[in-house]
Amino acid sequence: SRTAAVIPAAGRGVRLGPGAPKALRALGGTPMLIHAIRAMADSRAVSLVVVVAPPDGAAEVKTLLDAHALPDRTDFLVVPGGESRQESVKLGLDALPPGYDIVLVHDAARPLVPVDTVDAVVEAVRGGAPAVVPALPLADTVKQVEPAAPGEPEPVVATPDRSLLRAVQTPQGFDRDTLVRAHATVTGSVTDDASMVERLGLTVVTVPGHEEAFKVTRPLDLVLAEAVLARRRL
Ligand code: CTP
Ligand code: MG
């Protein structure tokens with residue numbers, strides 16, 4: 001069985017603050033996207049990486065790929081992305097050639113995911129799971145609140161049992177046909193791909209996630225990412 005990785009990288013990175021699109025921002029002097037691509041290509045299972053570039057940035061991303069050393073055994077495709085992450089992933093899936101029966105979807109914004117996590121996800125899909133997510137227990141207690149007018153306090157309505165909650169990461173791994181069907185049939189906005197498979201009524205399973213697979217979302221995350229990278233380079 002052959003595995004491809006789709007990397008949604010088309011977001012602006014509004015929460016990170018003004019500057020280049022998030023995936024093109026530097027981490028240790030190299031664009032975050034290049035780190036994310038290497039994280040996928042480093043897995044021996046992955047033989048194709050489809051990069052979903054900012055809508056007007058496909059040419060720039062192709063130039064970047066040529067400028068950075070990437071494994072020879074991996075093929076690369078670049079397609080322009082869409083308005084939402086969901087749409088960007090769909091555009092990446094549409095570009096997938098035949099012959100890949102397992103698909104990973106990995107955020108460019110998670111540049112430091114270790115290869116062991118990638119391999120664990122692929123193994124679980126190969127083992128027969130239609131959808132697999134790397135997951136970690138939560139450190140914080142989580143409250144459900146009721147919406148309130150701006151500036152008004154939000155009343156807490158519930159405290160879900162934290163021991164049953166998980167924060168999920170990427171790469172999420174899928175049986176290709178299942179993910180394509182999910183993207184073709186599920187409507188409404190979602191924040192990850194696995195939730196679309198859940199809506200098909202299929203069971204999504206977890207494998208252990210990794211602290212270093214955190215998402216670079218806000219400026220402090222960039223500080224942590226630089227520190228993790230510096231520690232790796234020791
Ligand atoms: N993404 C995408 N296409 C979009 C929006 C997001 O491909 N239209 C990608 C981002 O590039 C990122 C991943 O989805 O790799 C996770 O999204 P997120 O962390 O929210 O990134 P952004 O949407 O860029 O950030 P923000 O929400 O702060 O603007
Ligand atoms: Mg976003």
# chains A, B, ... in the order shown; residues from 1 in each chain; ligands from 1
>>> closest_atom_pairs(of="chain A", to="ligand 1", cutoff="7 Å", atoms="only C-alpha atoms and all ligand atoms", output="Markdown table")
| residue | atom | partner | partner_atom_place_in_ligand_line | distance |
| --- | --- | --- | --- | --- |
| A:Pro8 | CA | ligand 1 | 7 (O) | 3.5 |
| A:Ala9 | CA | ligand 1 | 11 (O) | 3.3 |
| A:Ala10 | CA | ligand 1 | 7 (O) | 3.6 |
| A:Gly11 | CA | ligand 1 | 24 (O) | 3.1 |
| A:Arg12 | CA | ligand 1 | 24 (O) | 4.1 |
| A:Gly13 | CA | ligand 1 | 25 (O) | 3.4 |
| A:Val14 | CA | ligand 1 | 29 (O) | 3.6 |
| A:Arg15 | CA | ligand 1 | 28 (O) | 3.6 |
| A:Leu16 | CA | ligand 1 | 28 (O) | 5.9 |
| A:Pro21 | CA | ligand 1 | 24 (O) | 6.9 |
| A:Lys22 | CA | ligand 1 | 24 (O) | 5.6 |
| A:Ala23 | CA | ligand 1 | 11 (O) | 5.9 |
| A:Val52 | CA | ligand 1 | 7 (O) | 6.1 |
| A:Ala53 | CA | ligand 1 | 7 (O) | 7.0 |
| A:Gly81 | CA | ligand 1 | 3 (N) | 5.8 |
| A:Gly82 | CA | ligand 1 | 8 (N) | 5.0 |
| A:Glu83 | CA | ligand 1 | 8 (N) | 4.1 |
| A:Ser84 | CA | ligand 1 | 8 (N) | 3.4 |
| A:Arg85 | CA | ligand 1 | 4 (C) | 3.8 |
| A:Glu87 | CA | ligand 1 | 8 (N) | 6.9 |
| A:Ser88 | CA | ligand 1 | 3 (N) | 4.8 |
| A:Val89 | CA | ligand 1 | 7 (O) | 6.7 |
| A:Asp107 | CA | ligand 1 | 15 (O) | 3.9 |
| A:Ala108 | CA | ligand 1 | 15 (O) | 3.8 |
| A:Ala109 | CA | ligand 1 | 15 (O) | 4.2 |
| A:Lys215 | CA | ligand 1 | 19 (O) | 6.4 |
| A:Val216 | CA | ligand 1 | 19 (O) | 6.6 |
| A:Thr217 | CA | ligand 1 | 19 (O) | 5.4 |
>>> closest_residue(among="A:Thr117, A:Ala45, A:Gln86, A:Ala230", to="ligand 2", atoms="only C-alpha atoms and all ligand atoms")
A:Gln86
>>> residues_around(residues="A:Val205", least_positions_apart="5", cutoff="10 Å", atoms="only C-alpha atoms", output="ChimeraX atom specification")
/A:121,124-125,129-135,173,194
>>> closest_residue(among="A:Leu234, A:Asp116, A:Pro137, A:Ile34", to="A:Asp66", atoms="only C-alpha atoms")
A:Ile34
>>> atom_distance(atom1="atom CA of A:Asp119", atom2="atom CA of A:Ala167")
19.1 Å
>>> select_by_dssp(residues="stretch 100-209 of chain A", states="strand (DSSP E or B)", output="ChimeraX atom specification")
/A:102-105,131-137,144-145,156-158,166-168,172-175,204-208
>>> closest_residue(among="A:Ala67, A:Val142, A:Val122, A:Val61", to="A:Leu33", atoms="only C-alpha atoms")
A:Val61
>>> select_by_dssp(residues="stretch 9-207 of chain A", states="helix (DSSP H, G or I)", output="ChimeraX atom specification")
/A:14-16,22-24,32-41,58-67,85-94,115-126,162-164,176-185,194-199
>>> atom_distance(atom1="atom CA of A:Val207", atom2="atom CA of A:Ala120")
6.9 Å
>>> closest_residue(among="A:Asp56, A:Met40, A:Arg218, A:Val223", to="A:Gln172", atoms="only C-alpha atoms")
A:Met40
>>> closest_residue(among="A:Ala148, A:Val204, A:Val168, A:Ile102", to="A:Ser1", atoms="only C-alpha atoms")
A:Ile102
>>> atom_distance(atom1="atom CA of A:Ala139", atom2="atom CA of A:His106")
23.2 Å
